[in-house]
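Trainee: PDB, C-alpha atoms, pLDDT in the B column, saved as work_18.pdb, coming up:
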```
ATOM      1  CA  MET A 226       2.912   1.300 -27.461  1.00 74.00           C
ATOM      2  CA  ALA A 227       1.055   3.134 -24.695  1.00 89.00           C
ATOM      3  CA  LEU A 228       0.653   1.621 -21.270  1.00 95.00           C
ATOM      4  CA  VAL A 229      -1.740   3.040 -18.665  1.00 96.00           C
ATOM      5  CA  ILE A 230      -0.611   2.428 -15.100  1.00 97.00           C
ATOM      6  CA  GLU A 231      -3.034   3.135 -12.273  1.00 97.00           C
ATOM      7  CA  LEU A 232      -2.942   3.072  -8.509  1.00 97.00           C
ATOM      8  CA  ARG A 233      -6.331   1.748  -7.447  1.00 96.00           C
ATOM      9  CA  ARG A 234      -8.154   1.117  -4.215  1.00 94.00           C
ATOM     10  CA  GLY A 235     -10.352  -1.932  -4.064  1.00 83.00           C
ATOM     11  CA  VAL A 236     -13.178  -2.554  -1.646  1.00 67.00           C
ATOM     12  CA  SER A 237     -11.933  -3.838   1.689  1.00 59.00           C
ATOM     13  CA  ALA A 238     -13.187  -7.309   2.535  1.00 55.00           C
ATOM     14  CA  SER A 239     -11.995  -7.229   6.146  1.00 55.00           C
ATOM     15  CA  ARG A 240     -14.525  -7.286   8.952  1.00 55.00           C
ATOM     16  CA  THR A 241     -13.392  -6.064  12.348  1.00 58.00           C
ATOM     17  CA  GLY A 242     -16.683  -5.995  14.193  1.00 60.00           C
ATOM     18  CA  ARG A 243     -16.246  -2.304  14.895  1.00 61.00           C
ATOM     19  CA  LYS A 244     -18.519   0.459  13.737  1.00 62.00           C
ATOM     20  CA  ALA A 245     -17.795   1.636  10.205  1.00 62.00           C
ATOM     21  CA  GLY A 246     -15.410   4.559   9.941  1.00 60.00           C
ATOM     22  CA  PRO A 247     -15.080   7.052   7.131  1.00 62.00           C
ATOM     23  CA  HIS A 248     -15.436   5.557   3.671  1.00 59.00           C
ATOM     24  CA  LEU A 249     -12.251   5.578   1.664  1.00 63.00           C
ATOM     25  CA  THR A 250     -12.312   6.393  -2.010  1.00 69.00           C
ATOM     26  CA  THR A 251     -12.440   3.322  -4.238  1.00 79.00           C
ATOM     27  CA  GLY A 252     -11.364   3.128  -7.860  1.00 92.00           C
ATOM     28  CA  VAL A 253      -8.508   4.983  -9.546  1.00 94.00           C
ATOM     29  CA  LEU A 254      -6.461   7.183  -7.211  1.00 95.00           C
ATOM     30  CA  GLU A 255      -3.610   8.098  -9.566  1.00 96.00           C
ATOM     31  CA  ARG A 256      -2.772   7.397 -13.208  1.00 97.00           C
ATOM     32  CA  ILE A 257       0.227   7.719 -15.493  1.00 96.00           C
ATOM     33  CA  VAL A 258       0.450   6.938 -19.184  1.00 95.00           C
ATOM     34  CA  VAL A 259       3.812   5.771 -20.489  1.00 94.00           C
ATOM     35  CA  ASP A 260       5.045   4.860 -23.933  1.00 89.00           C
ATOM     36  CA  ASP A 261       8.438   3.422 -24.728  1.00 91.00           C
ATOM     37  CA  GLU A 262      10.062   4.807 -21.566  1.00 93.00           C
ATOM     38  CA  PHE A 263       8.661   1.960 -19.442  1.00 94.00           C
ATOM     39  CA  TRP A 264       9.975  -0.760 -21.737  1.00 94.00           C
ATOM     40  CA  THR A 265      13.301   1.055 -22.213  1.00 95.00           C
ATOM     41  CA  ALA A 266      13.681   1.286 -18.436  1.00 96.00           C
ATOM     42  CA  LEU A 267      13.102  -2.469 -18.152  1.00 95.00           C
ATOM     43  CA  GLU A 268      15.775  -3.130 -20.762  1.00 96.00           C
ATOM     44  CA  ARG A 269      18.287  -0.774 -19.120  1.00 95.00           C
ATOM     45  CA  LEU A 270      17.727  -2.234 -15.667  1.00 96.00           C
ATOM     46  CA  GLY A 271      17.639  -5.810 -16.985  1.00 95.00           C
ATOM     47  CA  ARG A 272      14.398  -7.679 -17.542  1.00 95.00           C
ATOM     48  CA  HIS A 273      15.882 -10.670 -15.706  1.00 96.00           C
ATOM     49  CA  ARG A 274      16.321  -8.473 -12.616  1.00 96.00           C
ATOM     50  CA  LEU A 275      12.705  -7.249 -12.741  1.00 97.00           C
ATOM     51  CA  PRO A 276      10.679 -10.380 -13.534  1.00 97.00           C
ATOM     52  CA  THR A 277       7.477  -9.006 -11.996  1.00 96.00           C
ATOM     53  CA  LEU A 278       7.455  -6.013 -14.346  1.00 96.00           C
ATOM     54  CA  ALA A 279       8.797  -8.072 -17.237  1.00 96.00           C
ATOM     55  CA  ASP A 280       5.640 -10.218 -16.975  1.00 95.00           C
ATOM     56  CA  VAL A 281       3.350  -7.210 -17.597  1.00 95.00           C
ATOM     57  CA  ASP A 282       1.386  -7.881 -20.792  1.00 92.00           C
ATOM     58  CA  PRO A 283       1.903  -4.929 -23.170  1.00 91.00           C
ATOM     59  CA  TYR A 284      -1.384  -5.737 -24.937  1.00 92.00           C
ATOM     60  CA  GLY A 285      -3.552  -6.781 -22.011  1.00 94.00           C
ATOM     61  CA  ASP A 286      -4.378  -6.069 -18.397  1.00 95.00           C
ATOM     62  CA  THR A 287      -2.219  -6.964 -15.400  1.00 95.00           C
ATOM     63  CA  THR A 288      -2.978  -6.190 -11.754  1.00 96.00           C
ATOM     64  CA  LEU A 289      -0.434  -6.466  -8.954  1.00 96.00           C
ATOM     65  CA  HIS A 290      -1.266  -6.657  -5.246  1.00 94.00           C
ATOM     66  CA  GLY A 291      -0.182  -8.565  -2.180  1.00 93.00           C
ATOM     67  CA  GLU A 292       2.864 -10.783  -2.711  1.00 95.00           C
ATOM     68  CA  ALA A 293       3.364  -9.553  -6.287  1.00 96.00           C
ATOM     69  CA  VAL A 294       3.769  -5.998  -4.973  1.00 96.00           C
ATOM     70  CA  GLU A 295       6.200  -7.247  -2.317  1.00 96.00           C
ATOM     71  CA  ARG A 296       8.300  -8.905  -5.049  1.00 97.00           C
ATOM     72  CA  MET A 297       8.205  -5.763  -7.172  1.00 96.00           C
ATOM     73  CA  VAL A 298       9.391  -3.628  -4.230  1.00 97.00           C
ATOM     74  CA  ARG A 299      12.345  -5.968  -3.626  1.00 97.00           C
ATOM     75  CA  GLU A 300      13.208  -6.011  -7.324  1.00 97.00           C
ATOM     76  CA  LEU A 301      12.983  -2.220  -7.747  1.00 96.00           C
ATOM     77  CA  GLU A 302      14.861  -1.454  -4.528  1.00 95.00           C
ATOM     78  CA  GLY A 303      17.664  -3.755  -5.692  1.00 95.00           C
ATOM     79  CA  SER A 304      17.835  -2.210  -9.169  1.00 94.00           C
ATOM     80  CA  HIS A 305      20.304   0.422 -10.344  1.00 93.00           C
ATOM     81  CA  ARG A 306      17.799   3.227 -10.900  1.00 93.00           C
ATOM     82  CA  ALA A 307      20.653   5.723 -11.314  1.00 92.00           C
ATOM     83  CA  ARG A 308      21.083   4.292 -14.844  1.00 92.00           C
ATOM     84  CA  LEU A 309      17.757   5.821 -15.832  1.00 95.00           C
ATOM     85  CA  ARG A 310      17.135   9.365 -17.020  1.00 94.00           C
ATOM     86  CA  GLY A 311      14.109  11.586 -17.550  1.00 95.00           C
ATOM     87  CA  ALA A 312      10.781   9.893 -18.185  1.00 95.00           C
ATOM     88  CA  GLU A 313      12.245   6.405 -17.633  1.00 96.00           C
ATOM     89  CA  HIS A 314      13.395   7.389 -14.144  1.00 96.00           C
ATOM     90  CA  GLU A 315      10.078   9.088 -13.342  1.00 96.00           C
ATOM     91  CA  ALA A 316       8.041   6.033 -14.372  1.00 95.00           C
ATOM     92  CA  ILE A 317      10.100   3.606 -12.267  1.00 96.00           C
ATOM     93  CA  VAL A 318      10.285   5.927  -9.241  1.00 96.00           C
ATOM     94  CA  THR A 319       6.510   6.424  -9.414  1.00 97.00           C
ATOM     95  CA  LEU A 320       5.967   2.659  -9.550  1.00 96.00           C
ATOM     96  CA  LEU A 321       8.214   2.121  -6.547  1.00 97.00           C
ATOM     97  CA  ALA A 322       6.400   4.841  -4.566  1.00 97.00           C
ATOM     98  CA  TRP A 323       3.023   3.297  -5.438  1.00 97.00           C
ATOM     99  CA  ALA A 324       4.291  -0.178  -4.531  1.00 97.00           C
ATOM    100  CA  LEU A 325       5.418   1.080  -1.130  1.00 97.00           C
ATOM    101  CA  ARG A 326       1.954   2.559  -0.596  1.00 96.00           C
ATOM    102  CA  CYS A 327       0.394  -0.784  -1.615  1.00 96.00           C
ATOM    103  CA  ARG A 328       2.600  -2.586   0.861  1.00 94.00           C
ATOM    104  CA  ALA A 329       1.356  -0.311   3.646  1.00 94.00           C
ATOM    105  CA  ASP A 330      -2.314  -0.458   2.568  1.00 94.00           C
ATOM    106  CA  ARG A 331      -3.460  -3.913   1.410  1.00 91.00           C
ATOM    107  CA  ASP A 332      -6.549  -2.459  -0.292  1.00 94.00           C
ATOM    108  CA  LEU A 333      -4.356  -0.743  -2.892  1.00 96.00           C
ATOM    109  CA  ARG A 334      -3.240  -2.358  -6.151  1.00 97.00           C
ATOM    110  CA  ILE A 335      -1.346  -1.364  -9.264  1.00 97.00           C
ATOM    111  CA  ALA A 336      -3.074  -1.988 -12.588  1.00 97.00           C
ATOM    112  CA  PHE A 337      -1.411  -2.000 -16.015  1.00 97.00           C
ATOM    113  CA  SER A 338      -3.529  -1.700 -19.173  1.00 96.00           C
ATOM    114  CA  GLY A 339      -1.840  -2.108 -22.526  1.00 92.00           C
ATOM    115  CA  ASP A 340      -3.197  -1.185 -25.927  1.00 82.00           C
TER     116      ASP A 340
END
```
Would you write the structure of this file as structure tokens?
Mentor:
Amino acid sequence: MALVIELRRGVSASRTGRKAGPHLTTGVLERIVVDDEFWTALERLGRHRLPTLADVDPYGDTTLHGEAVERMVRELEGSHRARLRGAEHEAIVTLLAWALRCRADRDLRIAFSGD
């Protein structure tokens, strides 16, 4: 069951009153496609320890931003990622890196699209 995970930039809704600066790219910035390694990683780390990722719909679309990303960062940082190997480890480490970027830039979000 393939899952497409994307780091996306949305359009900023903030108004500062200052002159517009350079336009940042909107849309998909990075993309990974995972199969069973994502779900296996969740099982190995414990779905109950990663409720934000456990709620991702394998057959639909889920987007995380704001507080949901904050929760995911806390959950992933508290997980035992050393239990993971290969593609499982890469998928989770990539998600954590993207989540940290989202935390620093509120216009970023992580989108999951299942098949």
Trainee: In terms of the shortest atom-to-atom distance over only C-alpha atoms, which of A:Glu292, A:Glu255, A:Glu262, A:Glu231 is closest to Gly311 (chain A)?
Mentor: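 Of the candidates, the smallest distance to Gly311 (chain A) is held by A:Glu262.
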Trainee: Under the rule that only C-alpha atoms are counted, which of A:Asp280, A:Asp260, A:Glu268, A:Asp330 is the nearest residue to Met297 (chain A)?
Mentor: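 Using only C-alpha atoms, Met297 (chain A) sits closest to A:Asp280.
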Trainee: To one decimal place, how far is CA of Ala227 (chain A) from CA of Asp261 (chain A) in Å?
Mentor: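 According to the coordinates, CA of Ala227 (chain A) and CA of Asp261 (chain A) are separated by 7.4 Å.
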Trainee: Which residues, named as in the file, does the PyMOL selection byres ((chain A and resi 232) around 9) pick out? Answer as number ranges by chain.
Mentor: A: 230-231, 233-234, 252-257, 320, 323-324, 327, 333-336
Trainee: Go ahead and compute the interatomic distance for CA of Gly303 (chain A) and CA of Gly235 (chain A), in Å to one decimal.
Mentor: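 Here the two named atoms are 28.1 Å from each other.
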Trainee: Have a look at A:Leu289, A:Phe263, A:Tyr284, A:Gly339 and name the one nearest to Ile317 (chain A); count all atoms listed in the file.
Mentor: A:Phe263
Trainee: List the residues selected by the PyMOL selection byres ((chain A and resi 340) around 10) in the file shown, writing them as a ChimeraX atom specification.
Mentor: /A:226-229,282-286,338-339
Trainee: Can you work out which one of A:Val294, A:Ala307, A:Ala329, A:Ala316 has the shortest atom-to-atom distance to Thr277 (chain A), counting all atoms listed in the file?
Mentor: A:Val294
Trainee: Do you have the CA of Asp332 (chain A)-CA of His290 (chain A) distance handy?
Mentor: 8.4 Å
Trainee: Any chance you could work out the residue set of the PyMOL selection byres ((chain A and resi 270) around 9) here, as number ranges by chain?
Mentor: A: 265-269, 271-275, 304-306, 308-309
Trainee: What box, with edges along x, y and z, holds each listed atom of region 297-310 of chain A when 3 Å is added on every side, and can you state its centre and edge lengths in Å to one decimal, as lines of an AutoDock Vina configuration file?
Mentor:
```
center_x = 14.6
center_y = 1.7
center_z = -10.3
size_x = 18.9
size_y = 21.4
size_z = 19.4
```
